[in-house]
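Structure file upload27.txt; described as compact mmCIF, C-alpha atoms.
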```
# COMPACT_ATOMS: atom_id res chain seq x y z
CA MET Z 63 -8.05 81.49 397.27
CA PRO Z 64 -5.63 78.69 398.18
CA ASN Z 65 -5.15 77.92 401.82
CA ARG Z 66 -1.93 78.49 403.71
CA ALA Z 67 -0.60 74.95 403.19
CA GLU Z 68 -1.06 75.19 399.41
CA ARG Z 69 0.65 78.59 399.29
CA ARG Z 70 3.60 77.27 401.30
CA ALA Z 71 3.88 74.21 399.04
CA GLN Z 72 3.88 76.41 395.94
CA ALA Z 73 6.50 78.72 397.44
CA LYS Z 74 8.67 75.73 398.38
CA ALA Z 75 8.35 74.24 394.90
CA GLY Z 76 9.24 77.62 393.40
CA ARG Z 77 12.50 77.76 395.34
CA ARG Z 78 13.89 74.48 393.98
CA GLY Z 79 13.92 72.43 390.81
CA VAL Z 80 12.41 73.41 387.50
CA PRO Z 81 10.42 76.67 387.44
CA SER Z 82 6.70 76.04 387.23
CA GLN Z 83 6.29 77.62 383.79
CA TYR Z 84 8.74 75.06 382.36
CA ASP Z 85 7.59 72.06 384.39
CA GLN Z 86 5.63 69.90 381.96
CA THR Z 87 5.11 67.19 384.55
CA GLN Z 88 3.26 69.50 386.93
CA GLY Z 89 4.70 67.76 389.95
CA ARG Z 90 4.38 64.21 388.64
CA GLY Z 91 7.26 61.87 387.93
CA ARG Z 92 9.28 62.19 384.75
CA SER Z 93 9.15 58.53 383.70
CA GLY Z 94 6.57 59.06 380.97
CA MET Z 95 8.25 62.09 379.43
CA ILE Z 96 10.11 61.96 376.14
CA ASP Z 97 13.79 62.80 376.28
CA GLU Z 98 14.16 65.33 373.49
CA TYR Z 99 17.97 65.16 373.47
CA GLN Z 100 17.93 61.40 372.91
CA LEU Z 101 15.33 61.79 370.17
CA GLN Z 102 17.46 64.42 368.44
CA GLN Z 103 20.54 62.21 368.65
CA LYS Z 104 18.65 59.24 367.25
CA SER Z 105 17.25 61.39 364.45
CA GLN Z 106 20.76 62.62 363.60
CA ARG Z 107 22.07 59.04 363.50
CA LEU Z 108 19.21 57.93 361.25
CA GLN Z 109 19.79 60.83 358.87
CA ASP Z 110 23.54 60.22 358.78
CA GLY Z 111 23.08 56.49 358.38
CA THR Z 112 25.52 55.86 361.22
CA GLU Z 113 25.14 53.19 363.84
CA TRP Z 114 25.33 54.01 367.55
CA LYS Z 115 28.48 52.73 369.18
CA PRO Z 116 29.48 53.17 372.81
CA SER Z 117 32.27 55.66 373.35
CA GLY Z 118 33.78 53.96 376.39
CA GLY Z 119 36.76 52.51 374.56
CA THR Z 120 37.76 50.07 371.89
CA ILE Z 121 35.59 47.08 371.17
CA ALA Z 122 36.97 43.78 369.95
CA ASP Z 123 35.64 42.60 366.64
CA THR Z 124 32.53 40.53 367.29
CA GLU Z 125 33.13 38.36 364.24
CA THR Z 126 36.17 36.79 365.88
CA LEU Z 127 34.51 36.33 369.27
CA LEU Z 128 31.23 34.75 368.19
CA THR Z 129 31.54 31.38 366.51
CA THR Z 130 27.85 30.50 366.55
CA ASN Z 131 25.33 31.95 364.16
CA PRO Z 132 23.01 34.35 366.07
CA ASN Z 133 20.49 34.16 363.21
CA TYR Z 134 20.17 30.40 363.58
CA THR Z 135 16.65 29.14 363.08
CA ASN Z 136 15.88 25.48 363.29
CA PRO Z 137 12.89 24.58 361.11
CA LYS Z 138 12.43 21.30 362.97
CA MET Z 139 12.63 22.48 366.57
CA PHE Z 140 10.84 19.45 367.97
CA LYS Z 141 12.09 16.29 366.30
CA ALA Z 142 11.12 12.78 367.24
CA PRO Z 143 13.60 11.12 369.61
CA HIS Z 144 16.09 9.12 367.59
CA SER Z 145 18.36 7.67 370.26
CA LEU Z 146 17.98 5.83 373.53
CA ARG Z 147 19.26 8.87 375.46
CA GLN Z 148 16.55 11.06 373.96
CA TRP Z 149 13.86 8.51 374.79
CA PHE Z 150 15.07 8.51 378.40
CA ARG Z 151 14.94 12.32 378.35
CA VAL Z 152 11.31 12.18 377.18
CA GLY Z 153 10.63 9.73 379.99
CA SER Z 154 12.24 12.05 382.51
CA TRP Z 155 10.08 14.98 381.46
CA THR Z 156 7.03 12.70 381.54
CA LEU Z 157 7.85 11.70 385.13
CA ILE Z 158 8.21 15.36 386.10
CA ALA Z 159 4.88 16.25 384.47
CA ILE Z 160 3.12 13.33 386.18
CA ALA Z 161 4.61 14.35 389.53
CA ILE Z 162 3.43 17.95 389.10
CA ILE Z 163 -0.10 16.81 388.27
CA ALA Z 164 0.00 14.41 391.23
CA PHE Z 165 1.09 17.27 393.54
CA PHE Z 166 -2.00 19.24 392.51
CA VAL Z 167 -4.23 16.20 393.03
CA VAL Z 168 -2.74 15.46 396.46
CA MET Z 169 -3.07 19.11 397.43
CA TRP Z 170 -6.85 18.98 396.97
CA LEU Z 171 -7.38 15.72 398.86
CA PRO Z 172 -9.11 16.21 402.21
CA SER Z 173 -6.55 14.03 403.98
CA HIS Z 174 -2.90 13.93 402.97
CA PRO Z 175 -1.54 10.38 403.43
CA MET Z 176 2.17 10.54 404.13
CA TRP Z 177 2.97 7.58 401.86
CA LEU Z 178 1.35 9.39 398.91
CA ILE Z 179 3.29 12.60 399.50
CA ILE Z 180 6.56 10.64 399.77
CA THR Z 181 5.78 8.70 396.58
CA VAL Z 182 4.98 11.83 394.57
CA SER Z 183 8.10 13.56 395.90
CA ALA Z 184 10.26 10.54 395.02
CA VAL Z 185 8.85 10.42 391.47
CA PHE Z 186 9.62 14.13 391.04
CA ILE Z 187 13.17 13.74 392.41
CA VAL Z 188 13.84 10.73 390.16
CA GLY Z 189 12.59 12.69 387.15
CA VAL Z 190 14.79 15.71 387.89
CA LEU Z 191 17.89 13.66 388.68
CA SER Z 192 17.45 11.56 385.55
CA LEU Z 193 17.62 14.75 383.48
CA PHE Z 194 21.22 15.20 384.64
CA PHE Z 195 22.12 11.71 383.40
CA THR Z 196 20.32 12.06 380.07
CA ALA Z 197 21.52 15.58 379.28
CA GLY Z 198 23.54 15.88 376.12
CA ASP Z 199 26.94 17.40 375.62
CA SER Z 200 26.98 21.22 375.57
CA LYS Z 201 29.32 21.15 372.55
CA HIS Z 202 26.47 19.83 370.40
CA ASN Z 203 23.90 22.37 371.58
CA PRO Z 204 23.33 24.96 368.81
CA ASN Z 205 21.74 27.40 371.29
CA LEU Z 206 24.99 27.91 373.24
CA ASP Z 207 28.06 29.87 372.20
CA GLN Z 208 31.60 28.71 372.88
CA ASN Z 209 31.42 30.01 376.47
CA GLY Z 210 28.23 28.11 377.27
CA THR Z 211 26.04 31.24 377.22
CA ALA Z 212 22.58 30.94 375.71
CA VAL Z 213 22.32 32.69 372.37
```
As structure tokens, how would this structure be written, given the file I've shared?
Amino acid sequence: MPNRAERRAQAKAGRRGVPSQYDQTQGRGRSGMIDEYQLQQKSQRLQDGTEWKPSGGTIADTETLLTTNPNYTNPKMFKAPHSLRQWFRVGSWTLIAIAIIAFFVVMWLPSHPMWLIITVSAVFIVGVLSLFFTAGDSKHNPNLDQNGTAV
């Protein structure tokens, strides 16, 4: 026989929410449950062959808004640097990588000489700032749309 606290909890749960005979969660959260209405709607759309579209209002034609190809795949993602600017960019990333490795090395040293910390920090700052000077024009970046948003 349940104790008084359990009986009161069951009575309280019976007064609000979903009746216990219909509560599949049995008091747990509903995050793992399947939404049957959404499944039915999706099934209807698949059978009809229609695509889901939001009903909030009219939508401008995406063909006129998007000038870049969203299915763009570059077979040669990493090409060898072919200009002086790209070689400086490789050097900048190399400086940043060296500075990160040096930070880890300095972190494990028993004594932290101030000149070493300042040197590693300066190398990192020079590497990051040089990226701003070697960055290319956003108009020639195939991964950005006309608004500068990553595709």
query: Do you have the CA of Arg151 in chain Z-CA of Ala212 in chain Z distance handy?
result: 20.3 Å
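Atom pair CA of Leu178 in chain Z / CA of Ile160 in chain Z has a distance of 13.4 Å (rounded to one decimal).
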field: Coordinates-based distance that separates CA of Val182 in chain Z from CA of Phe166 in chain Z (Å, one decimal)
entry: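 Taking CA of Phe166 in chain Z and CA of Val182 in chain Z, their separation equals 10.4 Å.
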field: Nearby residues (only C-alpha atoms) at most 10 Å from Gly153 in chain Z, same-chain spacing under 5 positions excluded, as a PyMOL selection string
entry: chain Z and resi 147-148+158-159+189+192-193+196
